[in-house]
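Below is final-v1.txt, which holds compact mmCIF, C-alpha atoms.
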```
# COMPACT_ATOMS: atom_id res chain seq x y z
CA MET A 1 -2.19 -25.66 16.13
CA ILE A 2 -5.66 -25.42 17.60
CA VAL A 3 -7.44 -22.31 18.88
CA PHE A 4 -10.35 -22.53 21.30
CA THR A 5 -12.96 -19.80 21.40
CA HIS A 6 -16.60 -19.58 22.43
CA THR A 7 -17.79 -18.35 19.00
CA ILE A 8 -16.23 -18.53 15.53
CA THR A 9 -17.06 -15.34 13.66
CA PRO A 10 -16.09 -14.13 10.16
CA ARG A 11 -13.85 -11.53 11.81
CA LEU A 12 -12.06 -14.18 13.83
CA GLN A 13 -11.62 -16.48 10.83
CA TYR A 14 -10.26 -13.59 8.75
CA ILE A 15 -7.61 -12.51 11.21
CA PHE A 16 -6.43 -16.06 11.86
CA ASP A 17 -6.12 -16.68 8.13
CA PHE A 18 -3.87 -13.62 7.94
CA ILE A 19 -1.83 -14.45 11.04
CA LYS A 20 -1.31 -18.04 9.97
CA LYS A 21 0.20 -16.80 6.71
CA GLU A 22 2.55 -14.53 8.60
CA ILE A 23 3.84 -16.71 11.43
CA SER A 24 3.58 -20.42 10.74
CA THR A 25 3.67 -23.28 8.29
CA GLU A 26 1.12 -25.16 10.39
CA THR A 27 -2.61 -25.35 9.89
CA ILE A 28 -4.51 -23.36 12.49
CA GLN A 29 -7.91 -24.84 13.30
CA LEU A 30 -10.56 -23.00 15.26
CA THR A 31 -12.86 -24.89 17.61
CA VAL A 32 -15.66 -24.22 20.06
CA ASP A 33 -15.41 -27.75 21.49
CA PRO A 34 -13.68 -27.65 24.92
CA GLU A 35 -13.06 -31.42 24.94
CA LYS A 36 -11.40 -31.37 21.54
CA PHE A 37 -9.23 -28.51 22.72
CA LYS A 38 -8.37 -30.23 26.02
CA ASN A 39 -7.35 -33.48 24.32
CA TYR A 40 -5.28 -31.85 21.55
CA SER A 41 -1.61 -32.80 21.94
CA GLY A 42 -0.04 -30.04 19.88
CA PRO A 43 0.34 -26.26 20.39
CA LYS A 44 -2.90 -24.64 21.46
CA ILE A 45 -4.20 -21.15 22.08
CA ASN A 46 -7.06 -20.46 24.46
CA TYR A 47 -8.91 -17.39 23.17
CA SER A 48 -11.54 -17.17 25.87
CA HIS A 49 -12.09 -15.33 29.14
CA GLU A 50 -10.96 -18.20 31.39
CA LYS A 51 -7.68 -20.08 31.45
CA THR A 52 -8.39 -23.80 31.62
CA GLY A 53 -4.91 -25.38 31.91
CA VAL A 54 -1.14 -24.88 31.91
CA ASP A 55 -0.53 -26.53 28.55
CA GLN A 56 -2.04 -23.65 26.59
CA PHE A 57 -1.23 -20.11 25.50
CA TRP A 58 -3.96 -17.89 26.87
CA ILE A 59 -5.08 -14.67 25.21
CA LYS A 60 -7.99 -12.99 26.92
CA PRO A 61 -10.24 -11.56 24.18
CA HIS A 62 -11.44 -8.05 23.55
CA GLN A 63 -15.04 -7.95 22.30
CA LEU A 64 -14.20 -6.60 18.82
CA LEU A 65 -13.97 -9.91 16.97
CA PHE A 66 -17.32 -11.07 18.34
CA GLU A 67 -19.28 -7.97 17.36
CA LYS A 68 -21.23 -7.42 14.16
CA GLU A 69 -21.74 -3.68 14.27
CA ILE A 70 -19.28 -0.90 13.49
CA ARG A 71 -19.02 1.47 16.44
CA GLU A 72 -16.56 3.74 18.19
CA GLN A 73 -14.08 1.63 20.15
CA ILE A 74 -12.25 2.66 23.30
CA VAL A 75 -8.60 2.52 22.28
CA ASN A 76 -6.02 3.26 24.96
CA CYS A 77 -2.42 2.76 23.93
CA PHE A 78 0.40 1.58 26.17
CA VAL A 79 3.97 0.43 25.58
CA THR A 80 5.00 -3.22 25.53
CA ASN A 81 8.22 -4.67 24.09
CA ASN A 82 9.24 -1.09 23.22
CA HIS A 83 6.24 -0.59 20.93
CA LYS A 84 2.73 0.80 21.23
CA ALA A 85 -0.18 -1.61 21.66
CA PHE A 86 -3.84 -1.41 22.65
CA PHE A 87 -6.80 -3.57 23.72
CA LYS A 88 -4.98 -4.55 26.90
CA THR A 89 -6.72 -7.59 28.36
CA GLY A 90 -4.12 -9.64 30.22
CA GLY A 91 -3.30 -13.31 29.84
CA ASP A 92 -0.07 -14.82 28.54
CA PHE A 93 0.16 -11.96 26.03
CA GLU A 94 -0.40 -8.49 27.40
CA PHE A 95 -3.03 -7.45 24.85
CA ASP A 96 -5.48 -8.99 22.41
CA ILE A 97 -3.18 -9.07 19.41
CA PHE A 98 -5.90 -10.62 17.22
CA ALA A 99 -8.42 -7.82 17.80
CA ALA A 100 -5.73 -5.12 17.56
CA CYS A 101 -4.46 -6.50 14.24
CA PHE A 102 -8.03 -6.65 12.94
CA TYR A 103 -8.70 -3.05 13.95
CA LEU A 104 -5.65 -1.75 12.05
CA LEU A 105 -5.75 -4.12 9.09
CA THR A 106 -9.41 -3.52 8.20
CA ARG A 107 -9.00 0.26 8.62
CA TYR A 108 -11.87 0.09 11.10
CA GLU A 109 -11.50 3.76 12.01
CA GLU A 110 -12.10 4.80 8.40
CA TYR A 111 -15.67 3.48 8.59
CA LEU A 112 -16.40 5.81 11.50
CA PRO A 113 -17.33 9.52 11.13
CA HIS A 114 -14.17 11.43 10.34
CA LYS A 115 -12.71 14.62 8.89
CA LYS A 116 -11.82 14.68 5.20
CA ASP A 117 -8.72 16.34 3.78
CA MET A 118 -8.73 18.96 1.02
CA TYR A 119 -9.22 16.25 -1.62
CA GLY A 120 -12.08 14.53 0.17
CA ARG A 121 -9.90 11.67 1.40
CA TYR A 122 -9.62 10.23 4.88
CA ALA A 123 -7.22 12.64 6.59
CA HIS A 124 -4.20 10.88 8.06
CA GLU A 125 -4.43 13.19 11.08
CA ASN A 126 -7.54 11.22 12.15
CA SER A 127 -5.67 7.98 12.48
CA LEU A 128 -4.57 6.25 15.64
CA ALA A 129 -1.16 5.60 14.09
CA TYR A 130 -0.61 9.32 13.57
CA HIS A 131 -1.85 10.34 17.02
CA GLU A 132 0.19 7.65 18.78
CA ASN A 133 3.29 8.17 16.62
CA PHE A 134 3.59 4.72 15.06
CA LEU A 135 2.67 5.63 11.49
CA HIS A 136 6.31 5.09 10.52
CA LEU A 137 6.27 1.49 11.78
CA PRO A 138 4.83 -1.78 10.43
CA LEU A 139 3.42 -2.34 13.90
CA ILE A 140 1.50 -5.50 13.07
CA ASN A 141 4.65 -7.20 11.78
CA LEU A 142 6.54 -6.13 14.90
CA TRP A 143 3.77 -7.48 17.15
CA LEU A 144 3.71 -10.78 15.29
CA GLY A 145 7.47 -11.12 15.65
CA GLU A 146 7.09 -10.96 19.43
CA PHE A 147 4.09 -13.26 19.31
CA LYS A 148 6.09 -15.90 17.42
CA LYS A 149 8.83 -15.75 20.04
CA GLU A 150 6.36 -16.25 22.88
CA LEU A 151 4.65 -19.15 21.13
CA HIS A 152 7.99 -20.82 20.49
CA LYS A 153 8.93 -20.42 24.14
CA LYS A 154 5.70 -22.12 25.17
CA PHE A 155 5.70 -24.78 22.45
CA SER A 156 9.17 -25.72 21.26
CA ASN A 157 7.67 -27.93 18.55
CA PHE A 158 5.62 -25.09 17.06
CA LYS A 159 6.57 -24.81 13.38
CA ILE A 160 7.13 -21.14 12.83
CA ASP A 161 7.58 -19.40 9.49
CA PRO A 162 10.81 -20.83 7.99
CA THR A 163 12.02 -17.29 7.21
CA SER A 164 12.24 -16.51 10.94
CA GLY A 165 15.82 -15.77 11.90
CA LYS A 166 16.71 -14.95 8.31
CA THR A 167 16.90 -11.52 6.70
CA ILE A 168 14.75 -11.38 3.62
CA LEU A 169 13.48 -8.22 1.99
CA ARG A 170 10.81 -8.38 -0.70
CA PHE A 171 10.76 -5.27 -2.87
CA ILE A 172 8.26 -4.16 -5.50
CA PRO A 173 9.13 -0.85 -7.18
CA THR A 174 6.09 0.85 -8.68
CA TYR A 175 5.70 3.86 -10.97
CA ASP A 176 2.67 6.06 -11.62
CA VAL A 177 2.38 7.64 -15.06
CA ASP A 178 0.07 10.56 -14.32
CA ILE A 179 1.61 12.92 -16.87
CA ALA A 180 3.74 11.09 -19.41
CA PHE A 181 5.11 14.25 -21.05
CA SER A 182 5.35 17.84 -19.93
CA TYR A 183 5.07 19.40 -23.39
CA LYS A 184 4.90 16.74 -26.10
CA HIS A 185 1.80 15.23 -27.74
CA LYS A 186 -0.72 17.52 -26.03
CA GLY A 187 -2.36 19.04 -29.11
CA TRP A 188 -2.26 22.62 -30.24
CA MET A 189 -4.86 23.94 -27.78
CA ARG A 190 -3.09 22.68 -24.66
CA THR A 191 0.28 23.71 -26.11
CA ALA A 192 -0.94 27.22 -26.91
CA GLY A 193 -2.51 27.52 -23.48
CA GLY A 194 0.71 26.41 -21.80
CA LEU A 195 2.78 28.91 -23.78
CA PHE A 196 0.38 31.72 -22.92
CA ASN A 197 0.46 30.79 -19.23
CA THR A 198 4.26 30.84 -19.01
CA LEU A 199 4.47 34.10 -20.94
CA ILE A 200 2.03 36.02 -18.76
CA HIS A 201 3.85 34.79 -15.65
CA GLY A 202 7.20 35.88 -17.06
CA GLN A 203 8.60 32.33 -17.17
CA LEU A 204 10.78 32.88 -20.22
CA ALA A 205 13.01 29.87 -19.53
CA LYS A 206 9.94 27.61 -19.43
CA THR A 207 8.65 29.19 -22.63
CA ARG A 208 11.95 28.54 -24.44
CA GLU A 209 12.09 24.99 -23.07
CA ARG A 210 8.57 24.25 -24.28
CA LEU A 211 9.27 25.63 -27.75
CA LYS A 212 12.45 23.55 -28.08
CA VAL A 213 10.59 20.37 -27.14
CA VAL A 214 7.63 21.10 -29.40
CA PHE A 215 9.90 21.78 -32.36
CA GLY A 216 12.05 18.72 -31.70
CA THR A 217 15.27 20.37 -30.61
CA GLY A 218 14.96 19.56 -26.90
CA LYS A 219 14.05 16.59 -24.71
CA ASP A 220 10.81 16.66 -22.78
CA PRO A 221 11.69 17.07 -19.06
CA PHE A 222 9.15 14.43 -17.98
CA ASP A 223 10.40 11.85 -20.49
CA SER A 224 12.47 9.67 -18.18
CA PHE A 225 11.28 6.35 -19.56
CA SER A 226 14.52 5.30 -21.27
CA TRP A 227 16.46 6.14 -18.13
CA MET A 228 14.01 4.11 -16.05
CA ASP A 229 14.35 1.17 -18.45
CA GLU A 230 18.11 1.26 -18.09
CA LEU A 231 17.87 1.41 -14.29
CA ASN A 232 15.40 -1.48 -14.21
CA ASN A 233 17.54 -3.62 -16.50
CA ARG A 234 20.80 -2.84 -14.74
CA ASN A 235 19.39 -3.78 -11.35
CA ASP A 236 17.10 -6.59 -12.49
CA LEU A 237 14.06 -4.74 -11.14
CA HIS A 238 10.58 -6.02 -11.86
CA PRO A 239 8.40 -2.94 -11.42
CA ILE A 240 4.71 -2.31 -11.99
CA TYR A 241 3.67 0.73 -14.03
CA PHE A 242 0.25 2.30 -13.43
CA PHE A 243 -1.24 4.34 -16.29
CA ASN A 244 -3.89 7.03 -16.08
CA VAL A 245 -5.89 6.71 -19.32
CA ALA A 246 -8.67 9.23 -18.68
CA SER A 247 -10.54 9.96 -21.89
CA LYS A 248 -10.73 13.68 -21.14
CA VAL A 249 -8.52 16.17 -19.34
CA GLY A 250 -9.68 17.30 -15.91
CA SER A 251 -8.37 19.29 -12.96
CA TYR A 252 -6.49 16.25 -11.67
CA ASP A 253 -6.33 14.14 -14.84
CA LYS A 254 -3.69 15.71 -17.05
CA ASN A 255 -2.16 12.80 -18.90
CA ILE A 256 -1.77 12.52 -22.66
CA SER A 257 -4.96 11.23 -24.30
CA PRO A 258 -4.95 7.44 -24.77
CA THR A 259 -6.08 8.09 -28.35
CA LYS A 260 -2.65 9.60 -29.15
CA LYS A 261 -0.36 7.14 -30.93
CA HIS A 262 2.63 8.17 -28.82
CA MET A 263 0.72 7.41 -25.61
CA GLN A 264 -0.39 4.08 -27.02
CA GLY A 265 3.18 3.31 -28.00
CA LEU A 266 4.37 4.11 -24.49
CA ILE A 267 1.78 1.78 -22.98
CA ARG A 268 2.58 -1.03 -25.41
CA HIS A 269 6.30 -0.72 -24.72
CA HIS A 270 5.77 -1.07 -20.98
CA SER A 271 3.19 -3.83 -21.26
CA LYS A 272 5.73 -5.81 -23.29
CA HIS A 273 8.47 -5.51 -20.70
CA TYR A 274 6.69 -5.03 -17.37
CA GLU A 275 3.49 -5.64 -15.46
CA ILE A 276 1.09 -2.74 -15.90
CA GLY A 277 -2.01 -1.67 -14.03
CA ILE A 278 -4.79 0.88 -14.20
CA HIS A 279 -4.50 4.21 -12.43
CA PRO A 280 -8.22 5.08 -12.27
CA SER A 281 -8.84 8.71 -13.09
CA TRP A 282 -10.00 11.24 -10.54
CA GLN A 283 -13.18 11.54 -12.58
CA SER A 284 -13.96 7.86 -12.00
CA GLY A 285 -14.45 8.65 -8.31
CA ASP A 286 -17.61 10.55 -9.27
CA GLU A 287 -18.53 8.26 -12.17
CA PRO A 288 -17.73 4.65 -11.17
CA ALA A 289 -18.70 3.38 -14.64
CA LEU A 290 -15.54 5.07 -15.93
CA ILE A 291 -13.36 2.53 -14.14
CA LYS A 292 -14.54 -0.30 -16.38
CA LYS A 293 -14.21 1.93 -19.44
CA GLU A 294 -10.63 2.90 -18.54
CA ILE A 295 -9.66 -0.70 -17.83
CA GLN A 296 -11.06 -1.67 -21.22
CA THR A 297 -9.08 1.14 -22.85
CA LEU A 298 -5.86 -0.05 -21.23
CA GLU A 299 -6.59 -3.66 -22.19
CA ASN A 300 -7.30 -2.69 -25.81
CA ILE A 301 -4.03 -0.78 -26.10
CA SER A 302 -1.82 -3.24 -24.23
CA GLY A 303 -3.42 -6.47 -25.37
CA LYS A 304 -3.30 -7.69 -21.77
CA LYS A 305 -5.90 -8.48 -19.14
CA ILE A 306 -5.74 -5.78 -16.46
CA THR A 307 -6.35 -6.96 -12.90
CA THR A 308 -4.08 -4.57 -10.97
CA SER A 309 -4.82 -1.00 -9.89
CA ARG A 310 -3.79 1.96 -7.82
CA GLN A 311 -6.04 4.92 -7.14
CA HIS A 312 -4.99 8.27 -8.59
CA TYR A 313 -4.08 10.70 -5.77
CA ILE A 314 -4.60 7.70 -3.48
CA TRP A 315 -8.26 8.73 -3.43
CA PHE A 316 -10.50 6.00 -2.05
CA THR A 317 -13.26 5.53 0.48
CA MET A 318 -14.34 2.56 2.56
CA PRO A 319 -16.05 0.42 1.39
CA GLY A 320 -17.28 1.95 -1.88
CA THR A 321 -14.06 2.25 -3.88
CA PHE A 322 -12.89 -1.30 -3.25
CA ARG A 323 -16.32 -2.71 -4.07
CA GLN A 324 -16.22 -0.84 -7.37
CA LEU A 325 -12.77 -2.21 -8.16
CA ILE A 326 -13.91 -5.75 -7.44
CA ASP A 327 -16.94 -5.24 -9.66
CA ALA A 328 -14.60 -4.06 -12.42
CA GLY A 329 -12.51 -7.24 -12.21
CA ILE A 330 -9.59 -5.89 -10.20
CA GLN A 331 -7.85 -8.55 -8.09
CA TYR A 332 -4.79 -6.68 -6.79
CA ASP A 333 -4.73 -3.10 -5.49
CA PHE A 334 -1.72 -0.99 -4.52
CA SER A 335 -3.53 2.00 -2.98
CA MET A 336 -3.14 1.22 0.73
CA GLY A 337 -1.15 4.21 1.92
CA TYR A 338 -1.66 7.92 2.26
CA GLY A 339 -1.42 10.59 -0.41
CA SER A 340 -0.57 13.16 2.25
CA ILE A 341 2.19 11.57 4.35
CA ASN A 342 4.47 8.57 4.13
CA GLY A 343 4.10 5.61 6.46
CA PHE A 344 2.05 2.48 7.01
CA ARG A 345 -1.66 3.31 6.67
CA ALA A 346 -2.70 -0.19 7.76
CA SER A 347 0.35 -0.56 10.06
CA VAL A 348 1.60 -3.54 8.07
CA ALA A 349 4.32 -4.41 5.57
CA SER A 350 2.59 -7.51 4.18
CA SER A 351 -0.07 -8.07 1.56
CA PHE A 352 -3.54 -8.88 2.88
CA TYR A 353 -7.08 -9.43 1.65
CA TRP A 354 -9.53 -6.59 2.05
CA TYR A 355 -12.25 -7.25 4.62
CA ASP A 356 -15.60 -5.56 3.94
CA LEU A 357 -16.71 -4.51 7.41
CA GLU A 358 -20.23 -3.59 6.34
CA LYS A 359 -20.82 -6.98 4.72
CA GLU A 360 -18.74 -8.79 7.36
CA GLU A 361 -16.85 -10.85 4.80
CA GLN A 362 -13.38 -11.27 3.41
CA SER A 363 -13.12 -10.27 -0.24
CA ASN A 364 -10.86 -11.64 -2.97
CA LEU A 365 -9.18 -8.25 -3.42
CA LEU A 366 -5.55 -8.55 -2.34
CA LEU A 367 -4.08 -5.28 -1.04
CA PHE A 368 -0.40 -4.39 -1.37
CA PRO A 369 0.46 -1.51 1.01
CA PHE A 370 3.08 1.09 0.11
CA CYS A 371 5.00 3.14 2.67
CA PHE A 372 6.83 5.72 0.55
CA MET A 373 5.82 8.05 -2.26
CA GLU A 374 8.27 10.71 -3.35
CA ALA A 375 5.44 13.19 -3.98
CA ASN A 376 4.51 12.99 -0.28
CA SER A 377 8.10 13.76 0.70
CA PHE A 378 8.33 16.66 -1.73
CA PHE A 379 4.91 18.33 -1.70
CA GLU A 380 3.50 17.42 1.70
CA GLN A 381 6.44 16.84 4.01
CA LYS A 382 8.62 19.48 2.30
CA PHE A 383 11.68 17.23 2.40
CA THR A 384 14.89 17.85 0.54
CA PRO A 385 16.21 14.99 -1.60
CA GLN A 386 18.71 14.13 1.16
CA GLN A 387 15.97 14.02 3.79
CA ALA A 388 13.93 11.77 1.52
CA LEU A 389 16.93 9.46 1.18
CA GLU A 390 17.13 9.12 4.95
CA GLU A 391 13.40 8.43 5.02
CA LEU A 392 13.84 5.69 2.41
CA ARG A 393 16.67 4.19 4.41
CA HIS A 394 14.43 4.05 7.47
CA TYR A 395 11.68 2.17 5.62
CA TYR A 396 14.21 -0.19 4.08
CA SER A 397 15.73 -0.93 7.48
CA ILE A 398 12.51 -1.44 9.43
CA ILE A 399 10.87 -3.59 6.75
CA LYS A 400 14.02 -5.67 6.39
CA SER A 401 13.98 -6.28 10.16
CA VAL A 402 10.52 -7.91 9.94
CA ASN A 403 11.09 -9.71 6.61
CA GLY A 404 8.34 -7.56 5.17
CA LEU A 405 7.23 -6.28 1.79
CA LEU A 406 8.65 -2.93 0.67
CA ILE A 407 6.67 -1.02 -1.95
CA THR A 408 7.63 2.45 -3.15
CA ILE A 409 5.93 4.86 -5.55
CA TRP A 410 7.84 7.07 -7.96
CA HIS A 411 6.67 9.13 -10.92
CA ASN A 412 8.39 9.63 -14.25
CA THR A 413 8.06 13.37 -13.59
CA PHE A 414 10.43 13.21 -10.60
CA LEU A 415 12.91 11.03 -12.49
CA GLY A 416 13.21 13.32 -15.49
CA ALA A 417 15.09 16.55 -16.11
CA ASP A 418 12.63 19.11 -14.75
CA GLN A 419 14.56 21.52 -12.53
CA LEU A 420 11.75 21.49 -9.98
CA TYR A 421 12.78 17.93 -9.10
CA ALA A 422 16.54 18.35 -9.34
CA GLY A 423 18.34 15.77 -7.22
CA TRP A 424 15.46 13.30 -6.87
CA ARG A 425 16.58 11.01 -9.69
CA GLU A 426 20.00 10.72 -8.05
CA VAL A 427 18.41 9.88 -4.69
CA TYR A 428 16.39 7.05 -6.19
CA GLU A 429 19.29 5.63 -8.18
CA GLY A 430 21.60 5.79 -5.17
CA TRP A 431 19.07 4.18 -2.86
CA ILE A 432 18.41 1.36 -5.32
CA SER A 433 22.13 0.64 -5.47
CA GLU A 434 22.21 0.42 -1.65
CA VAL A 435 19.43 -2.14 -1.29
CA ILE A 436 19.28 -4.08 -4.54
CA MET A 437 21.26 -7.04 -3.27
CA ASN A 438 18.89 -7.60 -0.36
CA TYR A 439 15.48 -8.17 -1.85
CA GLU A 440 13.52 -11.15 -3.10
CA LEU A 441 10.63 -11.05 -5.55
```

Go through the file and emit its structure as structure tokens.
Amino acid sequence: MIVFTHTITPRLQYIFDFIKKEISTETIQLTVDPEKFKNYSGPKINYSHEKTGVDQFWIKPHQLLFEKEIREQIVNCFVTNNHKAFFKTGGDFEFDIFAACFYLLTRYEEYLPHKKDMYGRYAHENSLAYHENFLHLPLINLWLGEFKKELHKKFSNFKIDPTSGKTILRFIPTYDVDIAFSYKHKGWMRTAGGLFNTLIHGQLAKTRERLKVVFGTGKDPFDSFSWMDELNNRNDLHPIYFFNVASKVGSYDKNISPTKKHMQGLIRHHSKHYEIGIHPSWQSGDEPALIKKEIQTLENISGKKITTSRQHYIWFTMPGTFRQLIDAGIQYDFSMGYGSINGFRASVASSFYWYDLEKEEQSNLLLFPFCFMEANSFFEQKFTPQQALEELRHYYSIIKSVNGLLITIWHNTFLGADQLYAGWREVYEGWISEVIMNYEL
């Protein structure tokens, strides 16, 4: 396939590299040569302001992919093919799908002035997806499905993605280990403080539970690791575990110290059986040098090179956090989602390379977006376990319909025996049994 345009920009090259991966097995070449375009005998897209023939698929461009600055864009949504779209320009496709995909995929709006949430993160309420009620949809994948159909109508010899027409679900279960144990291995000061806190609040059941665990007569309620191993093995799951290995306890970093032999043993066990990644501490957001230190700690304990990450509390900013991860040697990041609501932050259920808008260049950091985190359902959305199950079923169904990538986040805390999370383990196990026969790694 050939694409004619008046100027080839880094933005244009980036979005076509992504779209090619999603829709076709063919090479897509960009050209500014009108004669080369005119004489090309295969499928061709005219991405310019004038249609020059009938043997082409014409998309009239929005200006976004030809700009170099970051500025407020006029975004007016409308409905086409039963879904929202924007950057309506006309042509053989009703809107500039290339510019619209770029706007969502690069998180363009997060570079603009915006309101922060209580944790200093980009508030999901700012987003176009939230305002226009498509946060629950992988809109880019849905658009590209329609785009493939239109291209195939125009060019019957166009070699589309061989998975088209098939139902293929790719599933990556992921687990965050923020707090490995509720009571065990915390040292006498933290244990004494915890006992005092439950006593003064009259939580006698919690006090008794803590004492039983500390003295070895009870099981720690957050210790769900054996159960998770059994679930993974039974269903042939290949999860990724992300470990917070902060060297000191903080307001949001409450894991067991990585100097503790039991924490080291837990990490080594999982590194032997699964892929593991770094869960950069909250403190590393203020002290970027800590990221490299924590990666080194995890590498020393596991004996493995660590190139995968997910931000703790899903705290990141554009472009600083991703630049810091790249500088620390991270190649794959699983943070693209919200820590305040479930859905598709980048409106996509496919992996994609991060584009640094300020530098105007594609990076080598591959992003893997998640759409569901049980903590969002529980703490933020106030869902019951049954409501969360229906939410999971929705994401499974919609991602399956676009042959997308489904990534979920669960914590060992929710999958343990703590009464606060009663019923959540059963939801996860039941949902896994519903979908396990329908995914590909």

* Asked: Of the candidates A:Lys44, A:Lys305, A:Lys68, A:Lys382, which shows the shortest atom-to-atom distance to Asp356 of chain A, using all atoms listed in the file?
  ->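 Counting all atoms listed in the file, the residue closest to Asp356 of chain A is A:Lys68.
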
| request: Go through A:Gly404, A:Gly250, A:Gly343, A:Gly423 and flag the residue nearest Leu137 of chain A, using only C-alpha atoms for the distances. | output: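 Looking at the shortest contact to Leu137 of chain A, the residue is A:Gly343.
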
Length of the atom CA of Thr25 of chain A to atom CA of Ala349 of chain A vector [Å] =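 That distance, rounded to one decimal, is 19.1 Å.
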
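Comparing the minimum interatomic distances between Phe147 of chain A and each of A:Asp92, A:Asn342, A:Asn376, A:Ser247, counting only C-alpha atoms, we find that A:Asp92 sits nearest.
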
If you count all atoms listed in the file, the residue of A:Gly277, A:Gly416, A:Pro138, A:Pro288 closest to Thr321 of chain A turns out to be A:Pro288

* To do: Would you list the contacts of Ser281 of chain A as a PyMOL selection string, taking every protein, DNA or RNA residue within 9 Å and counting only C-alpha atoms, but skipping same-chain residues closer than 4 positions in sequence?
  => chain A and resi 244-246+252-253+285+290-291+294+311-313

Excluding segment 15-22 of chain A and residues on its chain fewer than 2 positions from it, collect all residues at most 12 Å away from it, counting all atoms listed in the file, and give them as number ranges by chain.
A: 1-3, 8-13, 24-30, 45, 47, 64-65, 96-106, 140-145, 147-148, 159-164, 348-355, 361-362, 366, 402-405

For a quick check of your reading of the model, name the residues lying within 10 Å of the coordinate (11.9, 1.7, -22.2), counting all atoms listed in the file, and write them as a PyMOL selection string.
chain A and resi 224-233+266+269-270+272-274

Across A:Ile70, A:Ile306, A:Ile295, A:Leu237, the smallest distance to Ser433 of chain A, with all atoms listed in the file counted, is shown by A:Leu237

Taken to one decimal, the atom CA of Glu374 of chain A-atom CA of Thr413 of chain A distance is 10.6 Å

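Taking atom CA of His262 of chain A and atom CA of Leu420 of chain A as endpoints, the distance between them is 24.8 Å.
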
| Can you find the residues with an atom no farther than 12 Å from (-12.8, -15.9, 32.3), counting all atoms listed in the file, and report them as a ChimeraX atom specification? | /A:5-6,46-52,58-62,89-91

Query raised in the report: Which one of A:Thr7, A:Ile407, A:Gln264, A:Gly42 sits closest to Ser156 of chain A if you count only C-alpha atoms?
Result: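 That would be A:Gly42, the residue with the smallest distance to Ser156 of chain A.
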
Reconstruct N, CA and C atoms of segment 96-107 of chain A from the incomplete input and present them as a PDB file, in the coordinates of the input.
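Generated output (result.pdb):
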```pdb
ATOM      1  N   ASP A  96      -4.823  -8.136  23.396  1.00  0.00           N
ATOM      2  CA  ASP A  96      -5.480  -8.990  22.410  1.00  0.00           C
ATOM      3  C   ASP A  96      -4.915  -8.651  21.035  1.00  0.00           C
ATOM      4  N   ILE A  97      -3.870  -9.341  20.660  1.00  0.00           N
ATOM      5  CA  ILE A  97      -3.180  -9.070  19.410  1.00  0.00           C
ATOM      6  C   ILE A  97      -4.086  -9.337  18.212  1.00  0.00           C
ATOM      7  N   PHE A  98      -5.011 -10.293  18.335  1.00  0.00           N
ATOM      8  CA  PHE A  98      -5.900 -10.620  17.220  1.00  0.00           C
ATOM      9  C   PHE A  98      -6.857  -9.461  16.928  1.00  0.00           C
ATOM     10  N   ALA A  99      -7.489  -8.932  17.972  1.00  0.00           N
ATOM     11  CA  ALA A  99      -8.420  -7.820  17.800  1.00  0.00           C
ATOM     12  C   ALA A  99      -7.683  -6.556  17.358  1.00  0.00           C
ATOM     13  N   ALA A 100      -6.493  -6.316  17.923  1.00  0.00           N
ATOM     14  CA  ALA A 100      -5.730  -5.120  17.560  1.00  0.00           C
ATOM     15  C   ALA A 100      -5.290  -5.177  16.098  1.00  0.00           C
ATOM     16  N   CYS A 101      -4.840  -6.339  15.655  1.00  0.00           N
ATOM     17  CA  CYS A 101      -4.460  -6.500  14.240  1.00  0.00           C
ATOM     18  C   CYS A 101      -5.672  -6.266  13.339  1.00  0.00           C
ATOM     19  N   PHE A 102      -6.811  -6.815  13.731  1.00  0.00           N
ATOM     20  CA  PHE A 102      -8.030  -6.650  12.940  1.00  0.00           C
ATOM     21  C   PHE A 102      -8.411  -5.177  12.836  1.00  0.00           C
ATOM     22  N   TYR A 103      -8.327  -4.462  13.925  1.00  0.00           N
ATOM     23  CA  TYR A 103      -8.700  -3.050  13.950  1.00  0.00           C
ATOM     24  C   TYR A 103      -7.858  -2.246  12.959  1.00  0.00           C
ATOM     25  N   LEU A 104      -6.547  -2.499  12.939  1.00  0.00           N
ATOM     26  CA  LEU A 104      -5.650  -1.750  12.050  1.00  0.00           C
ATOM     27  C   LEU A 104      -5.746  -2.235  10.609  1.00  0.00           C
ATOM     28  N   LEU A 105      -5.800  -3.540  10.434  1.00  0.00           N
ATOM     29  CA  LEU A 105      -5.750  -4.120   9.090  1.00  0.00           C
ATOM     30  C   LEU A 105      -6.999  -3.781   8.276  1.00  0.00           C
ATOM     31  N   THR A 106      -8.151  -3.786   8.913  1.00  0.00           N
ATOM     32  CA  THR A 106      -9.410  -3.520   8.200  1.00  0.00           C
ATOM     33  C   THR A 106      -9.662  -2.028   8.025  1.00  0.00           C
ATOM     34  N   ARG A 107      -8.800  -1.193   8.617  1.00  0.00           N
ATOM     35  CA  ARG A 107      -9.000   0.260   8.620  1.00  0.00           C
ATOM     36  C   ARG A 107     -10.347   0.599   9.262  1.00  0.00           C
TER      37      ARG A 107
END
```
